[in-house]
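query22.pdb follows (PDB, C-alpha atoms and all ligand atoms):
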ATOM      1  CA  MET A  19    -238.260-106.397   5.133  1.00  0.00           C
ATOM      2  CA  THR A  20    -240.835-103.608   5.324  1.00  0.00           C
ATOM      3  CA  GLY A  21    -243.573-105.696   3.722  1.00  0.00           C
ATOM      4  CA  SER A  22    -243.052-108.453   6.279  1.00  0.00           C
ATOM      5  CA  TRP A  23    -243.150-106.069   9.215  1.00  0.00           C
ATOM      6  CA  LEU A  24    -246.220-104.310   7.817  1.00  0.00           C
ATOM      7  CA  ALA A  25    -247.948-107.683   7.442  1.00  0.00           C
ATOM      8  CA  PHE A  26    -247.115-108.306  11.104  1.00  0.00           C
ATOM      9  CA  TRP A  27    -248.701-105.013  12.235  1.00  0.00           C
ATOM     10  CA  ASP A  28    -251.699-105.647  10.012  1.00  0.00           C
ATOM     11  CA  LYS A  29    -252.675-108.781  11.976  1.00  0.00           C
ATOM     12  CA  PRO A  30    -253.646-109.259  15.617  1.00  0.00           C
ATOM     13  CA  HIS A  31    -250.471-109.454  17.712  1.00  0.00           C
ATOM     14  CA  ALA A  32    -249.476-109.580  21.375  1.00  0.00           C
ATOM     15  CA  ILE A  33    -246.960-106.729  21.532  1.00  0.00           C
ATOM     16  CA  TYR A  34    -249.156-105.109  24.176  1.00  0.00           C
ATOM     17  CA  VAL A  35    -249.357-107.632  26.964  1.00  0.00           C
ATOM     18  CA  ASN A  36    -252.891-106.663  27.967  1.00  0.00           C
ATOM     19  CA  ALA A  37    -255.459-103.895  27.548  1.00  0.00           C
ATOM     20  CA  ARG A  38    -253.974-101.885  30.439  1.00  0.00           C
ATOM     21  CA  HIS A  39    -250.521-101.948  28.810  1.00  0.00           C
ATOM     22  CA  LYS A  40    -251.934-100.799  25.461  1.00  0.00           C
ATOM     23  CA  ASP A  41    -253.925 -98.044  27.130  1.00  0.00           C
ATOM     24  CA  VAL A  42    -251.071 -96.595  29.234  1.00  0.00           C
ATOM     25  CA  HIS A  43    -248.671 -96.931  26.284  1.00  0.00           C
ATOM     26  CA  TYR A  44    -250.854 -94.901  23.927  1.00  0.00           C
ATOM     27  CA  ARG A  45    -251.823 -92.398  26.638  1.00  0.00           C
ATOM     28  CA  LEU A  46    -248.165 -91.672  27.432  1.00  0.00           C
ATOM     29  CA  ILE A  47    -247.293 -91.245  23.737  1.00  0.00           C
ATOM     30  CA  ALA A  48    -250.307 -88.976  23.137  1.00  0.00           C
ATOM     31  CA  GLU A  49    -249.551 -86.782  26.167  1.00  0.00           C
ATOM     32  CA  GLU A  50    -245.914 -86.421  25.162  1.00  0.00           C
ATOM     33  CA  ILE A  51    -246.776 -85.590  21.540  1.00  0.00           C
ATOM     34  CA  ALA A  52    -249.405 -83.089  22.728  1.00  0.00           C
ATOM     35  CA  ALA A  53    -246.723 -81.377  24.846  1.00  0.00           C
ATOM     36  CA  LEU A  54    -244.656 -80.833  21.673  1.00  0.00           C
ATOM     37  CA  VAL A  55    -247.449 -79.146  19.708  1.00  0.00           C
ATOM     38  CA  PRO A  56    -246.315 -75.531  19.297  1.00  0.00           C
ATOM     39  CA  SER A  57    -249.754 -73.878  19.127  1.00  0.00           C
ATOM     40  CA  ARG A  58    -253.495 -74.494  18.906  1.00  0.00           C
ATOM     41  CA  GLN A  59    -253.274 -73.529  15.211  1.00  0.00           C
ATOM     42  CA  ALA A  60    -250.725 -76.233  14.427  1.00  0.00           C
ATOM     43  CA  ARG A  61    -251.251 -79.023  11.911  1.00  0.00           C
ATOM     44  CA  VAL A  62    -249.654 -82.264  13.062  1.00  0.00           C
ATOM     45  CA  LEU A  63    -248.768 -85.550  11.358  1.00  0.00           C
ATOM     46  CA  ASP A  64    -248.205 -88.750  13.341  1.00  0.00           C
ATOM     47  CA  TYR A  65    -246.654 -91.155  10.805  1.00  0.00           C
ATOM     48  CA  GLY A  66    -246.821 -94.871  11.693  1.00  0.00           C
ATOM     49  CA  CYS A  67    -249.194 -93.936  14.495  1.00  0.00           C
ATOM     50  CA  GLY A  68    -250.452 -97.461  15.225  1.00  0.00           C
ATOM     51  CA  GLU A  69    -253.775 -97.688  17.043  1.00  0.00           C
ATOM     52  CA  ALA A  70    -253.275 -94.224  18.600  1.00  0.00           C
ATOM     53  CA  LEU A  71    -255.960 -94.926  21.211  1.00  0.00           C
ATOM     54  CA  HIS A  72    -255.629 -91.465  22.742  1.00  0.00           C
ATOM     55  CA  ALA A  73    -255.044 -89.367  19.627  1.00  0.00           C
ATOM     56  CA  ASP A  74    -257.912 -87.155  20.813  1.00  0.00           C
ATOM     57  CA  VAL A  75    -255.467 -85.803  23.450  1.00  0.00           C
ATOM     58  CA  VAL A  76    -253.167 -84.627  20.629  1.00  0.00           C
ATOM     59  CA  ALA A  77    -256.103 -83.345  18.576  1.00  0.00           C
ATOM     60  CA  ALA A  78    -257.243 -81.236  21.547  1.00  0.00           C
ATOM     61  CA  ALA A  79    -253.876 -79.437  21.476  1.00  0.00           C
ATOM     62  CA  CYS A  80    -253.814 -78.629  17.738  1.00  0.00           C
ATOM     63  CA  ALA A  81    -255.976 -77.556  14.804  1.00  0.00           C
ATOM     64  CA  GLU A  82    -255.692 -80.681  12.662  1.00  0.00           C
ATOM     65  CA  LEU A  83    -254.145 -84.085  13.258  1.00  0.00           C
ATOM     66  CA  PHE A  84    -253.230 -86.435  10.420  1.00  0.00           C
ATOM     67  CA  LEU A  85    -252.847 -90.057  11.491  1.00  0.00           C
ATOM     68  CA  CYS A  86    -251.024 -92.200   8.962  1.00  0.00           C
ATOM     69  CA  ASP A  87    -250.320 -95.900   9.185  1.00  0.00           C
ATOM     70  CA  GLY A  88    -249.229 -98.400   6.561  1.00  0.00           C
ATOM     71  CA  ALA A  89    -251.323-101.302   7.891  1.00  0.00           C
ATOM     72  CA  PRO A  90    -254.848-101.312   6.376  1.00  0.00           C
ATOM     73  CA  SER A  91    -256.467-102.938   9.436  1.00  0.00           C
ATOM     74  CA  VAL A  92    -254.874-100.324  11.715  1.00  0.00           C
ATOM     75  CA  ARG A  93    -256.257 -97.551   9.462  1.00  0.00           C
ATOM     76  CA  ALA A  94    -259.725 -99.147   9.555  1.00  0.00           C
ATOM     77  CA  GLY A  95    -259.599 -99.162  13.369  1.00  0.00           C
ATOM     78  CA  LEU A  96    -258.541 -95.493  13.440  1.00  0.00           C
ATOM     79  CA  ALA A  97    -261.327 -94.517  11.028  1.00  0.00           C
ATOM     80  CA  ALA A  98    -263.910 -96.223  13.245  1.00  0.00           C
ATOM     81  CA  ARG A  99    -262.477 -94.837  16.515  1.00  0.00           C
ATOM     82  CA  PHE A 100    -262.237 -91.209  15.387  1.00  0.00           C
ATOM     83  CA  ALA A 101    -265.166 -91.028  12.955  1.00  0.00           C
ATOM     84  CA  GLY A 102    -266.818 -88.336  15.095  1.00  0.00           C
ATOM     85  CA  ASP A 103    -263.728 -86.150  15.535  1.00  0.00           C
ATOM     86  CA  GLY A 104    -263.547 -83.543  12.774  1.00  0.00           C
ATOM     87  CA  LYS A 105    -259.953 -82.607  13.647  1.00  0.00           C
ATOM     88  CA  ILE A 106    -258.564 -86.108  13.046  1.00  0.00           C
ATOM     89  CA  HIS A 107    -257.913 -87.377   9.523  1.00  0.00           C
ATOM     90  CA  GLY A 108    -256.722 -90.898   8.773  1.00  0.00           C
ATOM     91  CA  LEU A 109    -254.366 -91.241   5.803  1.00  0.00           C
ATOM     92  CA  ALA A 110    -252.643 -94.038   3.920  1.00  0.00           C
ATOM     93  CA  PRO A 111    -248.894 -93.493   3.325  1.00  0.00           C
ATOM     94  CA  ASP A 112    -249.478 -92.697  -0.378  1.00  0.00           C
ATOM     95  CA  ALA A 113    -251.736 -89.795   0.571  1.00  0.00           C
ATOM     96  CA  ILE A 114    -249.010 -88.008   2.561  1.00  0.00           C
ATOM     97  CA  ALA A 115    -247.362 -86.752  -0.608  1.00  0.00           C
ATOM     98  CA  HIS A 116    -250.571 -84.841  -1.437  1.00  0.00           C
ATOM     99  CA  LEU A 117    -250.524 -82.756   1.735  1.00  0.00           C
ATOM    100  CA  GLN A 118    -249.683 -79.120   1.111  1.00  0.00           C
ATOM    101  CA  GLN A 119    -246.016 -78.204   1.036  1.00  0.00           C
ATOM    102  CA  ASN A 120    -244.668 -76.492   4.220  1.00  0.00           C
ATOM    103  CA  SER A 121    -248.050 -76.936   5.913  1.00  0.00           C
ATOM    104  CA  LEU A 122    -247.217 -78.999   9.035  1.00  0.00           C
ATOM    105  CA  GLU A 123    -245.819 -77.595  12.285  1.00  0.00           C
ATOM    106  CA  LEU A 124    -245.057 -80.983  13.857  1.00  0.00           C
ATOM    107  CA  ILE A 125    -244.323 -84.392  12.337  1.00  0.00           C
ATOM    108  CA  VAL A 126    -243.755 -87.397  14.597  1.00  0.00           C
ATOM    109  CA  LEU A 127    -242.126 -90.655  13.535  1.00  0.00           C
ATOM    110  CA  HIS A 128    -242.137 -92.686  16.739  1.00  0.00           C
ATOM    111  CA  SER A 129    -241.057 -96.314  16.874  1.00  0.00           C
ATOM    112  CA  VAL A 130    -241.246 -96.766  13.111  1.00  0.00           C
ATOM    113  CA  ALA A 131    -237.721 -96.176  11.720  1.00  0.00           C
ATOM    114  CA  GLN A 132    -236.535 -99.577  12.972  1.00  0.00           C
ATOM    115  CA  TYR A 133    -239.041-101.299  10.664  1.00  0.00           C
ATOM    116  CA  LEU A 134    -237.878 -99.400   7.551  1.00  0.00           C
ATOM    117  CA  SER A 135    -234.781 -99.862   5.434  1.00  0.00           C
ATOM    118  CA  THR A 136    -232.400 -96.896   5.447  1.00  0.00           C
ATOM    119  CA  ALA A 137    -233.454 -96.072   1.858  1.00  0.00           C
ATOM    120  CA  GLU A 138    -237.106 -95.991   2.963  1.00  0.00           C
ATOM    121  CA  LEU A 139    -236.280 -93.731   5.896  1.00  0.00           C
ATOM    122  CA  GLN A 140    -234.338 -91.398   3.570  1.00  0.00           C
ATOM    123  CA  ALA A 141    -237.326 -91.202   1.210  1.00  0.00           C
ATOM    124  CA  LEU A 142    -239.660 -90.481   4.116  1.00  0.00           C
ATOM    125  CA  LEU A 143    -237.388 -87.749   5.495  1.00  0.00           C
ATOM    126  CA  ALA A 144    -237.335 -86.133   2.040  1.00  0.00           C
ATOM    127  CA  THR A 145    -241.147 -86.079   2.073  1.00  0.00           C
ATOM    128  CA  PHE A 146    -241.171 -84.667   5.619  1.00  0.00           C
ATOM    129  CA  ARG A 147    -238.728 -81.962   4.519  1.00  0.00           C
ATOM    130  CA  ARG A 148    -241.188 -80.864   1.851  1.00  0.00           C
ATOM    131  CA  LEU A 149    -244.182 -80.895   4.208  1.00  0.00           C
ATOM    132  CA  ILE A 150    -242.720 -79.265   7.305  1.00  0.00           C
ATOM    133  CA  ALA A 151    -243.283 -75.544   7.832  1.00  0.00           C
ATOM    134  CA  PRO A 152    -240.142 -73.362   8.000  1.00  0.00           C
ATOM    135  CA  SER A 153    -240.505 -73.069  11.801  1.00  0.00           C
ATOM    136  CA  GLY A 154    -241.751 -76.650  12.241  1.00  0.00           C
ATOM    137  CA  VAL A 155    -240.207 -79.636  13.973  1.00  0.00           C
ATOM    138  CA  VAL A 156    -239.830 -83.285  13.004  1.00  0.00           C
ATOM    139  CA  LEU A 157    -239.414 -85.726  15.890  1.00  0.00           C
ATOM    140  CA  VAL A 158    -237.772 -89.055  15.012  1.00  0.00           C
ATOM    141  CA  SER A 159    -237.867 -91.209  18.113  1.00  0.00           C
ATOM    142  CA  ASP A 160    -237.485 -94.652  19.673  1.00  0.00           C
ATOM    143  CA  ILE A 161    -234.299 -95.081  17.639  1.00  0.00           C
ATOM    144  CA  ILE A 162    -232.323 -98.184  18.542  1.00  0.00           C
ATOM    145  CA  ALA A 163    -228.547 -97.776  18.683  1.00  0.00           C
ATOM    146  CA  PRO A 164    -226.450-100.639  17.241  1.00  0.00           C
ATOM    147  CA  GLU A 165    -225.058-101.610  20.622  1.00  0.00           C
ATOM    148  CA  LEU A 166    -228.431-101.689  22.372  1.00  0.00           C
ATOM    149  CA  SER A 167    -229.371-105.220  23.396  1.00  0.00           C
ATOM    150  CA  ALA A 168    -232.864-106.726  23.433  1.00  0.00           C
ATOM    151  CA  ALA A 169    -232.358-107.045  27.217  1.00  0.00           C
ATOM    152  CA  ALA A 170    -232.736-103.254  27.481  1.00  0.00           C
ATOM    153  CA  ASP A 171    -236.229-103.528  25.928  1.00  0.00           C
ATOM    154  CA  VAL A 172    -237.103-106.268  28.425  1.00  0.00           C
ATOM    155  CA  THR A 173    -235.950-104.193  31.400  1.00  0.00           C
ATOM    156  CA  ALA A 174    -237.857-101.133  30.141  1.00  0.00           C
ATOM    157  CA  LEU A 175    -241.068-103.134  29.682  1.00  0.00           C
ATOM    158  CA  LEU A 176    -240.817-104.713  33.160  1.00  0.00           C
ATOM    159  CA  ARG A 177    -240.238-101.285  34.733  1.00  0.00           C
ATOM    160  CA  PHE A 178    -243.202 -99.863  32.810  1.00  0.00           C
ATOM    161  CA  GLY A 179    -245.312-102.819  33.948  1.00  0.00           C
ATOM    162  CA  ALA A 180    -244.210-102.439  37.571  1.00  0.00           C
ATOM    163  CA  THR A 181    -245.125 -98.751  37.691  1.00  0.00           C
ATOM    164  CA  ASN A 182    -248.423 -99.201  35.871  1.00  0.00           C
ATOM    165  CA  GLY A 183    -249.879-102.315  37.470  1.00  0.00           C
ATOM    166  CA  PHE A 184    -249.199-104.909  34.772  1.00  0.00           C
ATOM    167  CA  LEU A 185    -245.905-106.480  35.885  1.00  0.00           C
ATOM    168  CA  LEU A 186    -247.234-110.065  35.973  1.00  0.00           C
ATOM    169  CA  ALA A 187    -248.877-109.651  32.572  1.00  0.00           C
ATOM    170  CA  ALA A 188    -245.584-108.202  31.252  1.00  0.00           C
ATOM    171  CA  LEU A 189    -243.710-111.290  32.413  1.00  0.00           C
ATOM    172  CA  GLY A 190    -246.298-113.507  30.701  1.00  0.00           C
ATOM    173  CA  GLY A 191    -246.167-111.338  27.580  1.00  0.00           C
ATOM    174  CA  LEU A 192    -242.386-111.620  27.372  1.00  0.00           C
ATOM    175  CA  THR A 193    -242.664-115.409  27.500  1.00  0.00           C
ATOM    176  CA  ARG A 194    -245.257-115.328  24.699  1.00  0.00           C
ATOM    177  CA  THR A 195    -242.987-113.050  22.642  1.00  0.00           C
ATOM    178  CA  LEU A 196    -240.247-115.701  22.741  1.00  0.00           C
ATOM    179  CA  PHE A 197    -242.512-117.931  20.650  1.00  0.00           C
ATOM    180  CA  SER A 198    -244.136-115.223  18.531  1.00  0.00           C
ATOM    181  CA  ASP A 199    -243.986-114.023  14.921  1.00  0.00           C
ATOM    182  CA  TYR A 200    -242.323-110.870  16.263  1.00  0.00           C
ATOM    183  CA  ARG A 201    -239.373-112.879  17.505  1.00  0.00           C
ATOM    184  CA  ARG A 202    -239.187-114.861  14.234  1.00  0.00           C
ATOM    185  CA  LEU A 203    -239.329-111.686  12.107  1.00  0.00           C
ATOM    186  CA  ARG A 204    -236.764-109.952  14.307  1.00  0.00           C
ATOM    187  CA  ALA A 205    -234.406-112.934  13.903  1.00  0.00           C
ATOM    188  CA  ARG A 206    -234.993-113.126  10.126  1.00  0.00           C
ATOM    189  CA  TYR A 207    -235.116-109.479   9.042  1.00  0.00           C
ATOM    190  CA  GLY A 208    -233.765-107.699  12.098  1.00  0.00           C
ATOM    191  CA  LEU A 209    -234.522-104.117  13.022  1.00  0.00           C
ATOM    192  CA  THR A 210    -232.698-101.150  11.520  1.00  0.00           C
ATOM    193  CA  HIS A 211    -230.334 -99.578  14.051  1.00  0.00           C
ATOM    194  CA  TYR A 212    -228.732 -96.136  13.950  1.00  0.00           C
ATOM    195  CA  SER A 213    -226.009 -94.581  16.034  1.00  0.00           C
ATOM    196  CA  GLU A 214    -226.461 -90.956  17.089  1.00  0.00           C
ATOM    197  CA  ALA A 215    -223.942 -89.918  14.413  1.00  0.00           C
ATOM    198  CA  ASP A 216    -225.748 -91.973  11.705  1.00  0.00           C
ATOM    199  CA  MET A 217    -229.046 -90.331  12.511  1.00  0.00           C
ATOM    200  CA  LEU A 218    -227.620 -86.796  12.579  1.00  0.00           C
ATOM    201  CA  GLN A 219    -225.992 -87.507   9.211  1.00  0.00           C
ATOM    202  CA  LEU A 220    -229.265 -88.808   7.697  1.00  0.00           C
ATOM    203  CA  LEU A 221    -231.165 -85.774   8.983  1.00  0.00           C
ATOM    204  CA  SER A 222    -228.547 -83.389   7.636  1.00  0.00           C
ATOM    205  CA  ALA A 223    -228.539 -85.111   4.210  1.00  0.00           C
ATOM    206  CA  ALA A 224    -232.338 -84.664   4.123  1.00  0.00           C
ATOM    207  CA  GLY A 225    -232.008 -80.903   4.757  1.00  0.00           C
ATOM    208  CA  PHE A 226    -232.564 -80.783   8.513  1.00  0.00           C
ATOM    209  CA  THR A 227    -230.525 -79.542  11.440  1.00  0.00           C
ATOM    210  CA  GLY A 228    -230.886 -82.363  13.904  1.00  0.00           C
ATOM    211  CA  GLU A 229    -230.045 -82.744  17.539  1.00  0.00           C
ATOM    212  CA  ARG A 230    -230.498 -85.556  19.982  1.00  0.00           C
ATOM    213  CA  ALA A 231    -233.288 -84.835  22.453  1.00  0.00           C
ATOM    214  CA  ALA A 232    -232.545 -85.133  26.165  1.00  0.00           C
ATOM    215  CA  LYS A 233    -235.341 -87.675  26.486  1.00  0.00           C
ATOM    216  CA  ASN A 234    -237.065 -90.252  24.272  1.00  0.00           C
ATOM    217  CA  ILE A 235    -240.847 -90.254  24.218  1.00  0.00           C
ATOM    218  CA  GLY A 236    -242.605 -93.350  25.520  1.00  0.00           C
ATOM    219  CA  HIS A 237    -241.447 -95.720  28.239  1.00  0.00           C
ATOM    220  CA  ASN A 238    -238.078 -96.847  26.858  1.00  0.00           C
ATOM    221  CA  GLN A 239    -235.350 -94.370  27.736  1.00  0.00           C
ATOM    222  CA  SER A 240    -232.574 -96.616  26.405  1.00  0.00           C
ATOM    223  CA  ARG A 241    -233.736 -95.628  22.890  1.00  0.00           C
ATOM    224  CA  MET A 242    -233.016 -92.220  21.352  1.00  0.00           C
ATOM    225  CA  ALA A 243    -235.076 -89.312  20.070  1.00  0.00           C
ATOM    226  CA  PHE A 244    -233.997 -86.616  17.604  1.00  0.00           C
ATOM    227  CA  VAL A 245    -235.460 -83.193  16.992  1.00  0.00           C
ATOM    228  CA  ALA A 246    -235.011 -82.024  13.398  1.00  0.00           C
ATOM    229  CA  ARG A 247    -235.617 -78.506  12.074  1.00  0.00           C
ATOM    230  CA  PRO A 248    -235.511 -77.502   8.410  1.00  0.00           C
ATOM    231  CA  GLN A 249    -232.191 -75.902   7.460  1.00  0.00           C
TER     232      GLN A 249
HETATM  233  C1  LIG B 301    -244.194-100.143  16.846  1.00  0.00           C
HETATM  234  S1  LIG B 301    -245.639 -99.568  16.040  1.00  0.00           S
HETATM  235  C2  LIG B 301    -245.598 -97.876  16.621  1.00  0.00           C
HETATM  236  C3  LIG B 301    -246.967 -97.289  16.716  1.00  0.00           C
HETATM  237  C4  LIG B 301    -246.977 -95.896  17.389  1.00  0.00           C
HETATM  238  N1  LIG B 301    -246.171 -94.940  16.665  1.00  0.00           N
HETATM  239  C5  LIG B 301    -246.532 -96.019  18.827  1.00  0.00           C
HETATM  240  O1  LIG B 301    -245.444 -95.571  19.145  1.00  0.00           O
HETATM  241  O2  LIG B 301    -247.250 -96.602  19.620  1.00  0.00           O
HETATM  242  C6  LIG B 301    -245.114 -99.374  14.346  1.00  0.00           C
HETATM  243  C7  LIG B 301    -246.239 -98.869  13.435  1.00  0.00           C
HETATM  244  O3  LIG B 301    -245.635 -98.429  12.215  1.00  0.00           O
HETATM  245  C8  LIG B 301    -246.439 -98.836  11.137  1.00  0.00           C
HETATM  246  N2  LIG B 301    -245.561 -98.958   9.960  1.00  0.00           N
HETATM  247  C9  LIG B 301    -244.548 -99.816   9.786  1.00  0.00           C
HETATM  248  N3  LIG B 301    -243.967 -99.627   8.590  1.00  0.00           N
HETATM  249  C10 LIG B 301    -244.647 -98.604   8.006  1.00  0.00           C
HETATM  250  C11 LIG B 301    -244.544 -97.934   6.760  1.00  0.00           C
HETATM  251  N4  LIG B 301    -243.627 -98.285   5.871  1.00  0.00           N
HETATM  252  N5  LIG B 301    -245.409 -96.926   6.489  1.00  0.00           N
HETATM  253  C12 LIG B 301    -246.347 -96.567   7.398  1.00  0.00           C
HETATM  254  N6  LIG B 301    -246.511 -97.177   8.591  1.00  0.00           N
HETATM  255  C13 LIG B 301    -245.665 -98.176   8.888  1.00  0.00           C
HETATM  256  C14 LIG B 301    -247.012-100.176  11.570  1.00  0.00           C
HETATM  257  O4  LIG B 301    -248.187-100.512  10.861  1.00  0.00           O
HETATM  258  C15 LIG B 301    -247.248 -99.948  13.057  1.00  0.00           C
HETATM  259  O5  LIG B 301    -248.541 -99.502  13.323  1.00  0.00           O
END
Starting from the coordinates I provided, produce the structure as structure tokens.
Amino acid sequence: MTGSWLAFWDKPHAIYVNARHKDVHYRLIAEEIAALVPSRQARVLDYGCGEALHADVVAAACAELFLCDGAPSVRAGLAARFAGDGKIHGLAPDAIAHLQQNSLELIVLHSVAQYLSTAELQALLATFRRLIAPSGVVLVSDIIAPELSAAADVTALLRFGATNGFLLAALGGLTRTLFSDYRRLRARYGLTHYSEADMLQLLSAAGFTGERAAKNIGHNQSRMAFVARPQ
């Protein structure tokens, strides 16, 4: 499952319906992550960061920002985009384990858990538990509950498009998605869903005290976010 999804993210795709959509998406995520950074001295990891077009906004709020993505082409794009920014470091997933224990004040896993098996998420949470500072926070967000329908994603995208000037492009993009690899992969492998109770249980088993956040980050408020602190 994971390999197939990673192969999807590694190739050009049409998840963002146009350049404006991609730009406002990544700006919103960056601003919301930046707001969670506890201090200018903080070291932050954004795991499964994607193209992170506006990661400089997060970097401006912290001391060091580690951007990690499993797709080699995404990492190459990040390396080129942020080559001149000494605070931003691109990492492959294997390199995460070599970061210093208890050294990160904020770890973000946004819109990634649905592409991992539960065993993979458990392994990742165990790594995060080792890396997070005693007073640090792990944010696990964009979690899709079992009962949430794909229609909720459609409504959220159309609303986002309407408020950000790309409604027509969003309608076109949704039509393209119907015939895309994304749709085929989603039908074949599915996405991993978690109820609120499942997620709290997983976080607790990994050594965190978790709680559901009042608000998800990003544009889709029908998905859930969890704040996890080391026990
Ligand atoms: C939906 S995108 C989310 C990107 C970004 N976090 C955002 O919210 O815009 C999912 C990202 O997770 C990455 N990803 C998927 N599986 C991964 C894995 N096992 N390890 C690291 N990255 C992974 C993909 O390459 C892709 O860039």
Residues of chain A that have any atom at most 8 Å from an atom of ligand LIG 301 (chain B): could you tabulate them with the shortest-distance atom pair and the distance in Å to one decimal, using only C-alpha atoms and all ligand atoms, ordered by chain and increasing number, as a tab-separated table?
residue	atom	partner	partner_atom	distance
A:Thr20	CA	B:LIG301	N3	6.0
A:Gly21	CA	B:LIG301	N4	7.7
A:Trp23	CA	B:LIG301	C9	6.4
A:Leu24	CA	B:LIG301	C9	5.2
A:Ala25	CA	B:LIG301	O4	7.9
A:Phe26	CA	B:LIG301	O4	7.9
A:Trp27	CA	B:LIG301	O4	4.7
A:Asp28	CA	B:LIG301	O4	6.3
A:His43	CA	B:LIG301	O2	6.8
A:Tyr44	CA	B:LIG301	O2	5.9
A:Ile47	CA	B:LIG301	O1	6.6
A:Asp64	CA	B:LIG301	N1	7.3
A:Tyr65	CA	B:LIG301	C12	6.4
A:Gly66	CA	B:LIG301	O3	3.8
A:Cys67	CA	B:LIG301	N1	3.9
A:Gly68	CA	B:LIG301	O5	3.4
A:Glu69	CA	B:LIG301	O5	6.7
A:Ala70	CA	B:LIG301	O2	6.6
A:Cys86	CA	B:LIG301	C12	6.6
A:Asp87	CA	B:LIG301	N6	4.1
A:Gly88	CA	B:LIG301	C12	3.5
A:Ala89	CA	B:LIG301	O4	4.4
A:Val92	CA	B:LIG301	O5	6.6
A:Ala110	CA	B:LIG301	C12	7.6
A:Pro111	CA	B:LIG301	C12	5.7
A:Leu127	CA	B:LIG301	N1	6.7
A:His128	CA	B:LIG301	N1	4.6
A:Ser129	CA	B:LIG301	C2	4.8
A:Val130	CA	B:LIG301	O3	4.8
A:Ala131	CA	B:LIG301	N3	7.8
A:Tyr133	CA	B:LIG301	N3	5.6
A:Leu134	CA	B:LIG301	N4	6.1
A:Glu138	CA	B:LIG301	N4	7.5
A:Gly236	CA	B:LIG301	O1	7.3
(message) If I take atom CA of Ile125 of chain A and atom CA of Ala168 of chain A, how far is one from the other in Å, to one decimal?
(response) 27.4 Å
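Across the structure, atom CA of Asp41 of chain A and atom CA of Thr210 of chain A are spaced 26.5 Å apart.
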(message) I'd like the interatomic distance between atom CA of Ile106 of chain A and atom CA of Cys80 of chain A, to a tenth of an Å.
(response)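 Those two atoms sit 10.0 Å apart.
Comparing the minimum interatomic distances between His39 of chain A and each of A:Ser240, A:Gln249, A:Thr195, A:Asn182, counting only C-alpha atoms, we find that A:Asn182 sits nearest.
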(message) Selection in question (the file shown): the PyMOL selection byres (((chain A and resi 148) around 9) and not hetatm). Which residues does it include, as a list in words?
(response) Ala115, Gln118, Gln119, Asn120, Ser121, Leu143, Ala144, Thr145, Phe146, Arg147, Leu149, Ile150 and Ala151 of chain A
(-235.9, -86.1, 19.8) in this file's frame - what residues fall within 6 Å of it? Use all atoms listed in the file and give the answer as a PDB file with C-alpha atoms, keeping the file's coordinate frame.
ATOM      1  CA  LEU A 157    -239.414 -85.726  15.890  1.00  0.00           C
ATOM      2  CA  VAL A 158    -237.772 -89.055  15.012  1.00  0.00           C
ATOM      3  CA  SER A 159    -237.867 -91.209  18.113  1.00  0.00           C
ATOM      4  CA  ARG A 230    -230.498 -85.556  19.982  1.00  0.00           C
ATOM      5  CA  ALA A 231    -233.288 -84.835  22.453  1.00  0.00           C
ATOM      6  CA  ALA A 243    -235.076 -89.312  20.070  1.00  0.00           C
ATOM      7  CA  PHE A 244    -233.997 -86.616  17.604  1.00  0.00           C
ATOM      8  CA  VAL A 245    -235.460 -83.193  16.992  1.00  0.00           C
TER       9      VAL A 245
END
(message) For a quick check of understanding, using all atoms listed in the file, which of A:Ala101, A:Leu142, A:Ala170, A:Ala53 has the smallest distance to Leu220 of chain A?
(response)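 The closest residue to Leu220 of chain A is A:Leu142.
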(request) Tell me which of A:Asn234, A:Leu124, A:Tyr200, A:Gly228 sits closest to Lys29 of chain A, counting only C-alpha atoms. (result)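 Closest to Lys29 of chain A, using only C-alpha atoms: A:Tyr200.
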(request) For Asp171 of chain A, please output as JSON, numbers by chain all residues within 10 Å (counting all atoms listed in the file; exclusion window: fewer than 2 positions along the same chain). (result) {"A": [162, 166, 167, 168, 169, 173, 174, 175, 176, 177, 237, 238, 239, 240, 241]}
(request) Report the residues retrieved by the PyMOL selection byres (((chain A and resi 79) around 10) and not hetatm) from the displayed file, expressed as a VMD selection string. (result) chain A and resid 49 51 to 62 74 to 78 80 to 83
(message) Restricting the calculation to only C-alpha atoms: of A:Arg201, A:Lys40, A:Arg247, A:His116, which residue gets closest to Val155 of chain A?
(response) A:Arg247
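Using all atoms listed in the file, the smallest distance between any of A:Met217, A:Leu96, A:Ala137, A:Leu122 and Pro248 of chain A comes from A:Leu122.
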3 Å per side around segment 153-166 of chain A: axis-aligned box centre and edge lengths, as AutoDock Vina command-line options:
--center_x -233.4 --center_y -87.4 --center_z 17.1 --size_x 22.7 --size_y 34.6 --size_z 16.6
(message) Every residue with an atom at most 8 Å from (-231.1, -99.5, 7.5) (file coordinates; all atoms listed in the file) is what I'm after, so could you write them as a list in words?
(response)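 Collected hits near the coordinates: Gln132, Leu134, Ser135, Thr136, Ala137, Leu139, Leu209, Thr210, His211 and Tyr212 of chain A.
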(request) Rank A:Asp216, A:Gly191, A:Ile161, A:Ser153 by their smallest atom-to-atom distance to Ala246 of chain A, using only C-alpha atoms, and report the top residue only. (result)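 With only C-alpha atoms as the atom set, the closest residue is A:Ser153.
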Taking the structure I provided as the source, export segment 138-149 of chain A with C-alpha atoms, as a compact mmCIF listing (two decimals), in the first residue's frame.
# COMPACT_ATOMS: atom_id res chain seq x y z
CA GLU A 138 3.85 1.92 9.79
CA LEU A 139 2.15 4.68 11.77
CA GLN A 140 2.96 2.86 15.03
CA ALA A 141 6.63 2.60 14.02
CA LEU A 142 6.70 6.29 13.11
CA LEU A 143 5.09 7.32 16.41
CA ALA A 144 7.73 5.28 18.26
CA THR A 145 10.44 7.22 16.41
CA PHE A 146 8.69 10.52 17.16
CA ARG A 147 8.50 9.55 20.84
CA ARG A 148 12.27 9.15 20.90
CA LEU A 149 12.92 12.44 19.09
